[in-house]
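*Asks:* Input structure: structure-v9.txt, which contains compact mmCIF, C-alpha atoms.
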```
# COMPACT_ATOMS: atom_id res chain seq x y z
CA MET C 1 -34.76 17.16 -7.62
CA ASN C 2 -34.53 17.35 -11.38
CA VAL C 3 -32.04 15.39 -13.45
CA LYS C 4 -29.69 18.34 -14.02
CA MET C 5 -29.53 19.17 -10.34
CA ALA C 6 -29.00 15.54 -9.37
CA GLY C 7 -26.15 15.38 -11.88
CA SER C 8 -24.48 18.42 -10.34
CA VAL C 9 -24.72 16.93 -6.87
CA LEU C 10 -23.23 13.69 -8.11
CA LEU C 11 -20.38 15.56 -9.81
CA ILE C 12 -19.53 17.18 -6.50
CA VAL C 13 -19.73 13.83 -4.73
CA CYS C 14 -17.39 12.34 -7.35
CA PHE C 15 -14.92 15.18 -6.91
CA LEU C 16 -14.88 14.88 -3.14
CA ALA C 17 -14.65 11.12 -3.23
CA VAL C 18 -11.74 11.10 -5.66
CA CYS C 19 -9.80 14.11 -4.42
CA GLY C 20 -10.35 13.73 -0.70
CA PRO C 21 -8.36 10.54 -0.26
CA MET C 22 -5.36 12.05 -2.05
CA TRP C 23 -4.41 13.35 1.36
CA ALA C 24 -4.03 9.75 2.41
CA HIS C 25 -1.80 8.58 -0.38
CA HIS C 26 1.17 10.77 -1.10
CA GLY C 27 4.27 9.24 -2.53
CA ASN C 28 7.52 9.16 -0.65
CA SER C 29 8.13 12.81 0.09
CA ALA C 30 11.71 12.71 -1.20
CA TYR C 31 10.51 12.28 -4.80
CA ASP C 32 8.57 14.58 -7.11
CA GLU C 33 5.81 12.22 -8.17
CA ALA C 34 3.95 15.07 -9.85
CA HIS C 35 6.65 15.34 -12.52
CA TRP C 36 7.85 12.02 -13.92
CA ILE C 37 10.76 12.18 -16.37
CA THR C 38 12.50 9.73 -18.68
CA ILE C 39 16.28 9.43 -18.76
CA SER C 40 18.42 7.26 -21.02
CA GLY C 41 21.84 5.76 -20.63
CA ALA C 42 23.97 2.71 -20.00
CA VAL C 43 23.37 0.47 -16.98
CA THR C 44 26.34 0.29 -14.62
CA GLU C 45 24.76 -1.94 -11.95
CA PHE C 46 21.50 -3.72 -11.15
CA VAL C 47 20.91 -4.60 -7.50
CA TRP C 48 18.31 -7.33 -6.87
CA ALA C 49 17.62 -6.72 -3.18
CA ASN C 50 14.85 -6.56 -0.58
CA PRO C 51 12.91 -4.51 -0.07
CA HIS C 52 14.12 -2.25 -2.93
CA CYS C 53 15.77 -3.25 -6.20
CA GLN C 54 18.07 -0.58 -7.61
CA ILE C 55 19.35 0.42 -11.03
CA PHE C 56 22.44 2.57 -11.56
CA LEU C 57 22.66 4.31 -14.90
CA ASP C 58 25.28 6.51 -16.63
CA VAL C 59 23.43 9.42 -18.22
CA LYS C 60 24.91 12.34 -20.17
CA ASP C 61 23.78 15.71 -18.87
CA ASP C 62 23.14 18.86 -20.92
CA LYS C 63 26.86 19.61 -21.13
CA GLY C 64 27.86 16.11 -22.15
CA ALA C 65 29.21 15.14 -18.75
CA VAL C 66 28.34 11.63 -17.56
CA VAL C 67 26.29 11.48 -14.36
CA ASN C 68 25.60 8.21 -12.57
CA TRP C 69 21.92 8.08 -11.58
CA ALA C 70 20.74 5.92 -8.67
CA ILE C 71 17.20 4.60 -9.17
CA GLU C 72 14.98 2.99 -6.53
CA SER C 73 12.49 0.40 -7.71
CA GLN C 74 10.16 -2.18 -6.21
CA SER C 75 10.88 -5.45 -4.42
CA PRO C 76 12.04 -8.57 -6.32
CA GLY C 77 8.61 -10.11 -5.71
CA ILE C 78 6.74 -7.26 -7.35
CA LEU C 79 9.22 -7.13 -10.23
CA ARG C 80 8.92 -10.90 -10.74
CA ARG C 81 5.17 -10.47 -11.13
CA ASN C 82 5.98 -7.99 -13.89
CA ASN C 83 8.11 -10.60 -15.71
CA TRP C 84 11.49 -9.46 -14.41
CA THR C 85 14.28 -11.77 -13.31
CA ARG C 86 17.49 -11.00 -11.48
CA THR C 87 19.25 -10.86 -14.87
CA SER C 88 16.68 -8.77 -16.72
CA VAL C 89 18.95 -5.74 -16.61
CA LYS C 90 22.69 -6.11 -17.10
CA PRO C 91 25.62 -3.71 -17.00
CA GLY C 92 26.08 -2.16 -20.42
CA ASP C 93 22.39 -2.36 -21.40
CA GLN C 94 21.13 0.83 -23.05
CA ILE C 95 17.79 1.64 -21.42
CA ALA C 96 15.35 4.50 -20.91
CA VAL C 97 13.93 4.75 -17.38
CA THR C 98 10.77 6.66 -16.44
CA LEU C 99 11.12 7.92 -12.88
CA ALA C 100 10.09 10.49 -10.30
CA PRO C 101 13.24 12.53 -9.59
CA ALA C 102 14.45 13.52 -6.14
CA LYS C 103 13.14 16.93 -5.11
CA ASN C 104 16.58 17.99 -3.92
CA GLY C 105 18.05 17.83 -7.43
CA ALA C 106 20.37 14.89 -6.75
CA PRO C 107 20.67 12.32 -9.58
CA VAL C 108 18.37 9.95 -7.75
CA GLY C 109 14.86 8.80 -8.63
CA PHE C 110 12.03 6.38 -7.94
CA SER C 111 10.76 4.13 -10.71
CA GLY C 112 7.78 2.02 -9.74
CA ASN C 113 4.00 1.82 -9.38
CA GLN C 114 1.90 2.57 -12.45
CA MET C 115 4.17 5.23 -13.95
CA GLY C 116 7.58 3.63 -13.68
CA LYS C 117 9.05 1.54 -16.51
CA ILE C 118 12.19 0.77 -18.44
CA VAL C 119 12.44 0.51 -22.21
CA PHE C 120 15.31 -1.37 -23.85
CA ALA C 121 16.99 -0.31 -27.09
CA ASP C 122 15.03 -2.99 -28.98
CA GLY C 123 11.72 -1.64 -27.70
CA ARG C 124 11.05 -4.21 -24.99
CA VAL C 125 9.30 -2.75 -21.96
CA LEU C 126 9.44 -3.85 -18.33
CA LYS C 127 7.05 -2.29 -15.84
CA MET C 128 7.00 -2.28 -12.03
CA ASP C 129 3.27 -2.15 -11.47
CA ILE C 130 1.56 -3.31 -8.31
CA ARG C 131 -1.48 -5.33 -9.27
CA MET G 1 -32.70 14.64 -24.51
CA GLN G 2 -34.31 13.27 -21.40
CA ASN G 3 -32.90 9.82 -22.16
CA ARG G 4 -29.41 11.24 -22.64
CA ALA G 5 -29.73 13.12 -19.38
CA HIS G 6 -30.77 9.94 -17.64
CA SER G 7 -27.86 8.07 -19.21
CA ALA G 8 -25.45 10.73 -18.01
CA LEU G 9 -26.99 10.53 -14.56
CA LYS G 10 -26.60 6.75 -14.47
CA TYR G 11 -22.98 7.13 -15.57
CA LEU G 12 -22.31 9.66 -12.84
CA LEU G 13 -24.02 7.43 -10.31
CA ALA G 14 -21.80 4.52 -11.34
CA LEU G 15 -18.73 6.73 -11.22
CA SER G 16 -19.54 8.07 -7.80
CA THR G 17 -20.25 4.56 -6.55
CA ALA G 18 -16.91 3.38 -7.89
CA ALA G 19 -15.12 6.36 -6.39
CA LEU G 20 -16.70 5.79 -3.01
CA THR G 21 -16.01 2.08 -3.23
CA PHE G 22 -12.30 2.70 -3.72
CA PRO G 23 -11.67 5.68 -1.48
CA ALA G 24 -7.97 4.96 -1.07
CA ALA G 25 -7.28 5.03 -4.79
CA ALA G 26 -5.85 8.49 -4.99
CA HIS G 27 -4.00 8.06 -8.25
CA PRO G 28 -6.27 8.23 -11.30
CA GLN G 29 -4.57 5.21 -12.85
CA ALA G 30 -4.84 3.32 -9.60
CA VAL G 31 -8.58 2.70 -9.87
CA PRO G 32 -8.95 -1.07 -10.05
CA GLN G 33 -9.74 -2.45 -13.48
CA GLN G 34 -12.33 -4.83 -12.16
CA THR G 35 -15.10 -3.63 -9.91
CA ALA G 36 -17.04 -5.85 -7.60
CA ALA G 37 -20.05 -5.69 -9.87
CA LYS G 38 -18.07 -7.18 -12.77
CA SER G 39 -16.31 -9.92 -10.87
CA ALA G 40 -16.73 -13.64 -11.44
CA SER G 41 -20.27 -14.78 -10.87
CA SER G 42 -19.32 -18.29 -9.82
CA PRO G 43 -20.41 -19.04 -6.25
CA ALA G 44 -17.91 -18.69 -3.45
CA PRO G 45 -16.98 -21.79 -1.49
CA LYS G 46 -18.59 -21.81 1.94
CA ARG G 47 -16.53 -20.87 4.98
CA ASP G 48 -13.35 -20.89 2.93
CA LEU G 49 -10.92 -18.08 2.14
CA THR G 50 -8.16 -20.31 0.72
CA GLY G 51 -5.97 -18.56 -1.82
CA VAL G 52 -3.76 -15.60 -2.63
CA TRP G 53 -5.54 -12.27 -2.29
CA GLN G 54 -4.42 -8.88 -3.56
CA TYR G 55 -5.68 -5.79 -1.86
CA GLN G 56 -6.92 -3.37 -4.57
CA GLY G 57 -5.29 -0.23 -3.31
CA GLY G 58 -3.98 2.91 -4.89
CA GLY G 59 -0.60 1.50 -5.83
CA GLY G 60 1.51 2.13 -2.77
CA ALA G 61 1.55 1.77 0.98
CA GLU G 62 -1.62 3.28 2.43
CA SER G 63 -3.10 4.35 5.73
CA MET G 64 -6.16 2.52 7.02
CA THR G 65 -8.09 5.77 6.68
CA ALA G 66 -7.32 9.33 5.61
CA ASP G 67 -5.51 11.43 8.21
CA LYS G 68 -8.38 13.92 8.20
CA ASP G 69 -10.80 11.14 9.19
CA MET G 70 -8.82 9.99 12.19
CA PRO G 71 -10.67 10.53 15.48
CA PRO G 72 -9.29 12.92 18.12
CA MET G 73 -6.23 11.71 20.00
CA THR G 74 -5.80 11.55 23.73
CA PRO G 75 -2.93 13.60 25.23
CA TRP G 76 -0.95 10.35 25.54
CA ALA G 77 -1.27 9.66 21.83
CA LYS G 78 -0.75 13.30 20.82
CA ALA G 79 2.62 13.39 22.56
CA ARG G 80 3.74 10.34 20.60
CA PHE G 81 2.23 11.68 17.39
CA ASP G 82 4.27 14.88 17.73
CA GLU G 83 7.47 12.87 17.89
CA GLU G 84 6.73 11.01 14.66
CA LYS G 85 8.41 12.15 11.45
CA PRO G 86 6.70 10.18 8.68
CA GLY G 87 7.85 10.03 5.08
CA TYR G 88 4.29 10.14 3.74
CA GLY G 89 1.14 12.23 4.09
CA PRO G 90 0.46 15.80 5.13
CA ARG G 91 3.35 15.72 7.63
CA GLY G 92 5.62 13.90 5.19
CA ALA G 93 9.26 14.82 4.90
CA ALA G 94 12.25 12.99 3.49
CA GLY G 95 14.24 11.09 6.08
CA GLY G 96 12.24 10.82 9.26
CA ASN G 97 11.91 8.18 11.98
CA ASP G 98 9.44 5.67 10.56
CA PRO G 99 10.37 2.46 12.42
CA ILE G 100 10.31 0.38 9.23
CA LEU G 101 13.23 2.40 7.81
CA GLN G 102 15.46 0.38 10.11
CA CYS G 103 13.62 -2.87 9.31
CA ASP G 104 11.52 -2.95 12.47
CA PRO G 105 8.52 -5.20 11.80
CA ILE G 106 5.70 -3.36 10.06
CA GLY G 107 3.26 -4.98 12.48
CA PHE G 108 -0.48 -5.28 12.43
CA PRO G 109 -2.72 -3.65 11.24
CA ARG G 110 -0.33 -1.58 9.07
CA ILE G 111 0.73 -4.63 7.06
CA MET G 112 -2.84 -5.07 5.79
CA PHE G 113 -2.51 -1.93 3.67
CA MET G 114 0.79 -2.71 2.00
CA PRO G 115 0.61 -3.16 -1.78
CA THR G 116 1.61 -6.83 -1.75
CA PRO G 117 -0.62 -9.92 -1.54
CA HIS G 118 -1.38 -12.24 1.34
CA GLU G 119 -2.54 -15.85 1.43
CA PHE G 120 -5.08 -17.69 3.57
CA VAL G 121 -4.53 -21.38 4.40
CA HIS G 122 -7.11 -23.31 6.41
CA ALA G 123 -5.86 -25.76 9.02
CA PRO G 124 -7.66 -27.61 11.83
CA GLY G 125 -8.63 -25.11 14.50
CA ARG G 126 -7.05 -22.14 12.80
CA VAL G 127 -6.75 -20.09 9.64
CA LEU G 128 -3.22 -19.08 8.71
CA GLN G 129 -2.60 -15.72 7.09
CA PHE G 130 0.69 -15.24 5.24
CA TRP G 131 1.85 -11.85 4.04
CA GLU G 132 4.34 -11.41 1.23
CA ARG G 133 5.62 -8.25 2.87
CA GLU G 134 8.14 -9.36 5.48
CA HIS G 135 7.31 -12.99 4.67
CA GLU G 136 5.32 -12.79 7.88
CA TRP G 137 2.32 -14.75 9.12
CA ARG G 138 -0.19 -15.12 11.98
CA PRO G 139 -2.54 -17.85 13.15
CA ILE G 140 -6.20 -16.88 13.50
CA TRP G 141 -7.60 -19.37 16.01
CA THR G 142 -11.01 -20.80 15.14
CA ASP G 143 -11.27 -23.49 17.83
CA GLY G 144 -13.52 -21.42 20.05
CA ARG G 145 -10.91 -20.13 22.46
CA PRO G 146 -11.39 -16.59 23.77
CA LEU G 147 -8.88 -13.78 23.41
CA PRO G 148 -6.33 -13.91 26.23
CA ALA G 149 -7.06 -11.54 29.11
CA ASP G 150 -3.55 -10.21 29.56
CA PRO G 151 -1.39 -11.23 26.60
CA ASP G 152 2.27 -10.41 26.33
CA PRO G 153 2.41 -7.79 23.58
CA THR G 154 3.74 -8.80 20.15
CA TRP G 155 4.18 -7.18 16.72
CA TYR G 156 1.30 -9.11 15.15
CA GLY G 157 -0.94 -9.69 18.15
CA TYR G 158 -3.18 -12.60 19.05
CA ALA G 159 -6.14 -13.32 16.80
CA ILE G 160 -9.32 -15.41 16.97
CA GLY G 161 -11.90 -15.82 14.23
CA HIS G 162 -15.43 -17.05 13.69
CA TRP G 163 -17.90 -17.23 10.82
CA GLU G 164 -21.08 -15.23 10.54
CA GLY G 165 -23.09 -17.36 8.13
CA ASP G 166 -21.07 -18.97 5.36
CA ASP G 167 -19.50 -15.87 3.86
CA ILE G 168 -18.24 -13.52 6.57
CA PHE G 169 -15.13 -14.35 8.56
CA VAL G 170 -14.83 -12.09 11.61
CA VAL G 171 -11.40 -11.72 13.18
CA GLU G 172 -10.73 -10.07 16.53
CA SER G 173 -7.21 -9.41 17.71
CA THR G 174 -5.38 -7.85 20.60
CA GLY G 175 -2.03 -8.18 22.37
CA PHE G 176 -0.06 -5.73 20.22
CA ASN G 177 3.04 -3.90 21.33
CA GLU G 178 3.01 -0.13 20.94
CA LYS G 179 6.17 0.13 18.84
CA THR G 180 4.46 0.20 15.46
CA TRP G 181 2.69 3.02 13.63
CA LEU G 182 -0.81 2.53 12.29
CA GLY G 183 0.33 3.58 8.81
CA PRO G 184 2.92 5.36 6.67
CA THR G 185 1.65 8.77 7.81
CA GLY G 186 2.31 7.83 11.43
CA PHE G 187 -0.35 7.68 14.18
CA PRO G 188 0.47 5.72 17.33
CA HIS G 189 -1.49 3.08 19.16
CA SER G 190 -1.32 1.60 22.64
CA GLU G 191 -0.97 -1.96 23.92
CA GLY G 192 -4.71 -1.83 24.59
CA MET G 193 -5.54 -1.65 20.87
CA ARG G 194 -8.19 -4.10 19.71
CA VAL G 195 -8.82 -4.73 16.02
CA THR G 196 -11.97 -6.18 14.46
CA GLU G 197 -11.90 -7.30 10.82
CA ARG G 198 -14.64 -8.62 8.59
CA TYR G 199 -13.66 -10.60 5.50
CA HIS G 200 -16.87 -10.82 3.48
CA ARG G 201 -16.45 -13.22 0.58
CA MET G 202 -19.12 -11.77 -1.61
CA ASP G 203 -18.31 -13.97 -4.61
CA HIS G 204 -15.66 -16.41 -5.77
CA ASP G 205 -13.09 -13.73 -6.63
CA THR G 206 -13.93 -10.95 -4.16
CA ILE G 207 -13.59 -10.15 -0.49
CA LEU G 208 -15.05 -6.96 0.94
CA TYR G 209 -12.78 -5.99 3.79
CA ASP G 210 -13.72 -3.91 6.83
CA MET G 211 -11.53 -2.97 9.76
CA THR G 212 -12.30 -1.16 13.00
CA VAL G 213 -9.64 -0.22 15.56
CA SER G 214 -10.63 0.48 19.13
CA ASP G 215 -7.97 2.00 21.38
CA PRO G 216 -9.41 4.20 24.16
CA MET G 217 -5.98 5.00 25.54
CA ALA G 218 -5.02 6.64 22.25
CA TYR G 219 -8.24 7.75 20.53
CA THR G 220 -11.54 9.11 21.78
CA LYS G 221 -13.51 7.11 19.21
CA SER G 222 -12.98 3.98 17.16
CA ILE G 223 -11.11 4.25 13.85
CA VAL G 224 -13.22 2.88 11.02
CA ALA G 225 -11.41 2.10 7.77
CA PRO G 226 -13.26 2.68 4.50
CA GLN G 227 -14.26 -0.65 3.02
CA ARG G 228 -11.58 -2.14 0.77
CA ILE G 229 -11.74 -4.80 -1.93
CA MET G 230 -9.47 -7.81 -2.21
CA LYS G 231 -9.29 -9.91 -5.35
CA LEU G 232 -8.39 -13.59 -5.62
CA LYS G 233 -5.19 -14.16 -7.63
CA PRO G 234 -5.34 -17.87 -8.50
CA HIS G 235 -2.20 -17.79 -10.66
CA GLU G 236 0.03 -15.91 -8.25
CA GLU G 237 2.25 -17.09 -5.45
CA ILE G 238 3.46 -15.36 -2.34
CA GLU G 239 6.99 -14.13 -2.99
CA GLU G 240 9.69 -13.54 -0.41
CA GLN G 241 9.94 -9.91 0.69
CA PRO G 242 11.81 -9.55 3.94
CA CYS G 243 13.32 -6.27 5.03
CA VAL G 244 17.01 -7.22 4.95
CA TRP G 245 18.89 -4.86 7.23
CA SER G 246 22.24 -5.09 5.42
CA GLN G 247 20.57 -4.46 2.07
CA GLU G 248 18.31 -1.76 3.49
CA ASN G 249 21.32 -0.04 5.03
CA GLU G 250 23.22 -0.09 1.74
CA PHE G 251 20.10 1.17 -0.04
CA ALA G 252 19.86 4.04 2.46
CA GLN G 253 23.46 5.04 1.86
CA ARG G 254 23.27 4.85 -1.93
CA ILE G 255 19.73 6.15 -2.59
CA ARG G 256 17.61 7.22 0.39
CA ASN G 257 20.16 9.52 1.99
CA PRO G 258 21.29 11.23 -1.26
CA ALA G 259 17.60 11.90 -2.04
CA THR G 260 17.02 13.47 1.36
CA PRO G 261 17.29 17.27 1.52
CA LYS G 262 20.04 18.45 3.82
CA PRO G 263 18.75 20.39 6.84
CA ALA G 264 19.03 24.17 6.48
CA LYS G 265 22.11 25.67 8.13
CA GLN G 266 21.37 27.42 11.41
```
Now, as a test, write the supplied structure out as structure tokens.

*Replies:*
Amino acid sequence: MNVKMAGSVLLIVCFLAVCGPMWAHHGNSAYDEAHWITISGAVTEFVWANPHCQIFLDVKDDKGAVVNWAIESQSPGILRRNNWTRTSVKPGDQIAVTLAPAKNGAPVGFSGNQMGKIVFADGRVLKMDIR
Amino acid sequence: MQNRAHSALKYLLALSTAALTFPAAAHPQAVPQQTAAKSASSPAPKRDLTGVWQYQGGGGAESMTADKDMPPMTPWAKARFDEEKPGYGPRGAAGGNDPILQCDPIGFPRIMFMPTPHEFVHAPGRVLQFWEREHEWRPIWTDGRPLPADPDPTWYGYAIGHWEGDDIFVVESTGFNEKTWLGPTGFPHSEGMRVTERYHRMDHDTILYDMTVSDPMAYTKSIVAPQRIMKLKPHEEIEEQPCVWSQENEFAQRIRNPATPKPAKQ
């Protein structure tokens, strides 16, 4: 087998090895984890609870109407490892949240794993990564 | 040119090795930063797994192996499988009847593939394994006792362990109830399930983890999980992560249910 041919075989092996297991690891089916979005607004509530912390956020829609978004995040333990505390987010904070929105169009989303994060008005970032 | 071609080939070889080493890492950004080959070179302590270990998965809850690699089911298992409505995987749909949605214990072996760490503590005659998820634990008996012949089934089973050499801790367990799923994509098991694990401490910071599930009542062949990697996290502590029913119920009302598509009108 020459080098070029061996390279092609390896490329195929790489593709199969990386793409095959995607069948095994879909996100929660309620959320569109193929299309993450970022929304901004004022925090109305932060729930520090097991097994899912939650952020509620007033966001203005295209027509200027205020919509209260409900955002699922990770457990307190995972957030603590990412330098959160139970008072990291407070009502009234202006934040931008990167989330996977609900597929059904409801103002609900999931913010966690490698993609999820919040950014405060002063530029501080808190992530929700699992490491 | 030949050298460049060889370099490219070596790169591809390394890439394919990494990809095969981390088969559950479906998300591109989920590939662990530190591969086994780059881990600490300091020698591992002998016959000792003490510490907090983080499974290097793809970032979320995973199945022990891909659905497509599961062995054929028996009719008994297929009937149960058809009643499952998982939230993840090829059959995934919002809502569903995953037992953990009502805070039933995750159970073993499913808890091994959750994205939260676990800790080993050695004690006389046993090794204790604590999981952050559910704040749950099990003793792994190392005093030479055999597995019980007819154990009363439990969520986390009955486990015994022994060392092969100084680096490989082999754990065998049985005595599981049949109320848990094998993973987030479903798949049942029977009370006759037997699980064999191998924790191979290949260096100070790394465990290579193998699991085989044998359950003739449910599957025509053993289920063999792709090898996983666990990394020592010396600066981390096990946090508390129970499933709190009152909080889970409120979460379902405020977030899970609104995110669930309403069934089509008949």

*Asks:* From the options G:Leu182, G:Cys243, G:Trp141, G:Tyr199, which residue's atoms come nearest to Glu164 (chain G), counting only C-alpha atoms?

*Replies:* G:Tyr199

*Asks:* Would you mind listing what lies within 6 Å of Gly157 (chain G) as a list in words, with all atoms listed in the file counted and same-chain residues fewer than 2 positions away left out?

*Replies:* Thr154, Trp155, Thr174, Gly175 and Phe176 of chain G

*Asks:* Residues proximal to (-9.0, -1.3, 16.0) were defined as those with any atom within 10 Å of that point in the file's coordinates, counting only C-alpha atoms. Which are they, as a ChimeraX atom specification?

*Replies:* /G:109,172-174,182,189,192-197,211-216,222-225

*Asks:* Residues of the last selection are to be written out with C-alpha atoms, as a compact mmCIF listing (two decimals), in the coordinates of the input.

*Replies:*
```
# COMPACT_ATOMS: atom_id res chain seq x y z
CA PRO G 109 -2.72 -3.65 11.24
CA GLU G 172 -10.73 -10.07 16.53
CA SER G 173 -7.21 -9.41 17.71
CA THR G 174 -5.38 -7.85 20.60
CA LEU G 182 -0.81 2.53 12.29
CA HIS G 189 -1.49 3.08 19.16
CA GLY G 192 -4.71 -1.83 24.59
CA MET G 193 -5.54 -1.65 20.87
CA ARG G 194 -8.19 -4.10 19.71
CA VAL G 195 -8.82 -4.73 16.02
CA THR G 196 -11.97 -6.18 14.46
CA GLU G 197 -11.90 -7.30 10.82
CA MET G 211 -11.53 -2.97 9.76
CA THR G 212 -12.30 -1.16 13.00
CA VAL G 213 -9.64 -0.22 15.56
CA SER G 214 -10.63 0.48 19.13
CA ASP G 215 -7.97 2.00 21.38
CA PRO G 216 -9.41 4.20 24.16
CA SER G 222 -12.98 3.98 17.16
CA ILE G 223 -11.11 4.25 13.85
CA VAL G 224 -13.22 2.88 11.02
CA ALA G 225 -11.41 2.10 7.77
```

*Asks:* Give me, please, the distance in Å between CA of Ala123 (chain G) and CA of Arg81 (chain C), quoted to one decimal.

*Replies:*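 These two atoms are separated by 27.6 Å.
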
*Asks:* Which residue out of G:Thr50, G:Asn97, G:Thr142, G:Thr116 has the minimum interatomic distance to chain C when only C-alpha atoms are used?

*Replies:* G:Thr116

*Asks:* Closest to chain C among G:Pro71, G:Pro45, G:Gly186, G:Gly89, using only C-alpha atoms?

*Replies:*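 Smallest distance to chain C is found for G:Gly89.
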
*Asks:* One decimal, in Å: what's the spacing between CA of Gly109 (chain C) and CA of Ile71 (chain C)?

*Replies:*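 Calculated distance between CA of Gly109 (chain C) and CA of Ile71 (chain C) is 4.8 Å.
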
*Asks:* Would you work out the distance separating CA of Glu132 (chain G) from CA of Phe251 (chain G), expressed in Å to one decimal?

*Replies:* 20.2 Å

*Asks:* Which residue is closest to chain G? Choose from C:Gly123, C:Pro91, C:Pro51, C:Gly112 and count all atoms listed in the file.

*Replies:*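 Under the stated criterion, the closest residue is C:Pro51.
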
*Asks:* Neighbours of Pro86 (chain G) within 8 Å (only C-alpha atoms; same-chain residues fewer than 5 positions away dropped), as number ranges by chain?

*Replies:* G: 91-93, 96-98, 184-186

*Asks:* Write out, as a PDB file, in the frame of the given file, the residues just selected, with C-alpha atoms.

*Replies:*
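Saved result, selection20.pdb, follows:
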```
ATOM      1  CA  ARG G  91       3.350  15.720   7.630  1.00  0.00           C
ATOM      2  CA  GLY G  92       5.620  13.900   5.190  1.00  0.00           C
ATOM      3  CA  ALA G  93       9.260  14.820   4.900  1.00  0.00           C
ATOM      4  CA  GLY G  96      12.240  10.820   9.260  1.00  0.00           C
ATOM      5  CA  ASN G  97      11.910   8.180  11.980  1.00  0.00           C
ATOM      6  CA  ASP G  98       9.440   5.670  10.560  1.00  0.00           C
ATOM      7  CA  PRO G 184       2.920   5.360   6.670  1.00  0.00           C
ATOM      8  CA  THR G 185       1.650   8.770   7.810  1.00  0.00           C
ATOM      9  CA  GLY G 186       2.310   7.830  11.430  1.00  0.00           C
TER      10      GLY G 186
END
```

*Asks:* Name all residues at most 9 Å from Ala49 (chain C) (count all atoms listed in the file; drop same-chain ones fewer than 6 positions away) and give them as an NGL selection string.

*Replies:* (:C and (75-76)) or (:G and (244 or 247-248 or 251))

*Asks:* Excluding Ile95 (chain C) and any residue of its chain fewer than 4 positions from it, enumerate the residues within 10 Å of it, using all atoms listed in the file, and give them as a PDB file with C-alpha atoms, in the coordinates of the input.

*Replies:*
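As written to disk, result32.pdb reads:
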```pdb
ATOM      1  CA  ILE C  39      16.280   9.430 -18.760  1.00  0.00           C
ATOM      2  CA  SER C  40      18.420   7.260 -21.020  1.00  0.00           C
ATOM      3  CA  GLY C  41      21.840   5.760 -20.630  1.00  0.00           C
ATOM      4  CA  ALA C  42      23.970   2.710 -20.000  1.00  0.00           C
ATOM      5  CA  VAL C  43      23.370   0.470 -16.980  1.00  0.00           C
ATOM      6  CA  LEU C  57      22.660   4.310 -14.900  1.00  0.00           C
ATOM      7  CA  VAL C  89      18.950  -5.740 -16.610  1.00  0.00           C
ATOM      8  CA  ILE C 118      12.190   0.770 -18.440  1.00  0.00           C
ATOM      9  CA  VAL C 119      12.440   0.510 -22.210  1.00  0.00           C
ATOM     10  CA  PHE C 120      15.310  -1.370 -23.850  1.00  0.00           C
ATOM     11  CA  ALA C 121      16.990  -0.310 -27.090  1.00  0.00           C
ATOM     12  CA  ASP C 122      15.030  -2.990 -28.980  1.00  0.00           C
ATOM     13  CA  GLY C 123      11.720  -1.640 -27.700  1.00  0.00           C
ATOM     14  CA  ARG C 124      11.050  -4.210 -24.990  1.00  0.00           C
ATOM     15  CA  VAL C 125       9.300  -2.750 -21.960  1.00  0.00           C
TER      16      VAL C 125
END
```

*Asks:* Give me, as a compact mmCIF listing (two decimals) with C-alpha atoms, keeping the file's coordinate frame, all polymer residues having an atom no more than 9 Å from Phe169 (chain G), counting all atoms listed in the file and skipping those fewer than 6 positions away in the same chain.

*Replies:*
```
# COMPACT_ATOMS: atom_id res chain seq x y z
CA ARG G 47 -16.53 -20.87 4.98
CA ASP G 48 -13.35 -20.89 2.93
CA LEU G 49 -10.92 -18.08 2.14
CA GLY G 161 -11.90 -15.82 14.23
CA HIS G 162 -15.43 -17.05 13.69
CA TRP G 163 -17.90 -17.23 10.82
CA GLU G 197 -11.90 -7.30 10.82
CA ARG G 198 -14.64 -8.62 8.59
CA TYR G 199 -13.66 -10.60 5.50
CA HIS G 200 -16.87 -10.82 3.48
CA ARG G 201 -16.45 -13.22 0.58
```

*Asks:* Using only C-alpha atoms for the distances, tell me which of G:Glu134, G:Glu84, G:Glu191, G:Asp143 is nearest to chain C.

*Replies:*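 Of G:Glu134, G:Glu84, G:Glu191, G:Asp143, the one nearest chain C is G:Glu134, counting only C-alpha atoms.
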
*Asks:* So, counting only C-alpha atoms, which residue among G:Leu101, G:Ile160, G:Met64, G:Ala94 is closest to chain C?

*Replies:* G:Ala94

*Asks:* Step by step, gather every atom of region 54-62 of chain C that the file lists, find the box along x, y and z that holds them, add 5 Å on each side, and finally give centre and edge lengths in Å to one decimal, as AutoDock Vina command-line options.

*Replies:*
```
--center_x 21.7 --center_y 9.1 --center_z -14.3 --size_x 17.2 --size_y 29.4 --size_z 23.3
```

*Asks:* Generate the coordinates of N, CA and C atoms for region 28-32 of chain C; report them as an mmCIF file, in the coordinates of the input.

*Replies:*
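Result written to out12.cif:
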```cif
data_model
loop_
_atom_site.group_PDB
_atom_site.id
_atom_site.type_symbol
_atom_site.label_atom_id
_atom_site.label_comp_id
_atom_site.auth_asym_id
_atom_site.auth_seq_id
_atom_site.Cartn_x
_atom_site.Cartn_y
_atom_site.Cartn_z
ATOM 1 N N ASN C 28 6.414 8.841 -1.544
ATOM 2 C CA ASN C 28 7.520 9.160 -0.650
ATOM 3 C C ASN C 28 7.887 10.625 -0.864
ATOM 4 N N SER C 29 7.970 11.369 0.196
ATOM 5 C CA SER C 29 8.130 12.810 0.090
ATOM 6 C C SER C 29 9.447 13.230 -0.545
ATOM 7 N N ALA C 30 10.427 12.332 -0.616
ATOM 8 C CA ALA C 30 11.710 12.710 -1.200
ATOM 9 C C ALA C 30 11.605 12.888 -2.715
ATOM 10 N N TYR C 31 10.594 12.276 -3.339
ATOM 11 C CA TYR C 31 10.510 12.280 -4.800
ATOM 12 C C TYR C 31 9.368 13.154 -5.303
ATOM 13 N N ASP C 32 9.582 13.725 -6.492
ATOM 14 C CA ASP C 32 8.570 14.580 -7.110
ATOM 15 C C ASP C 32 7.682 13.733 -8.008
#
```
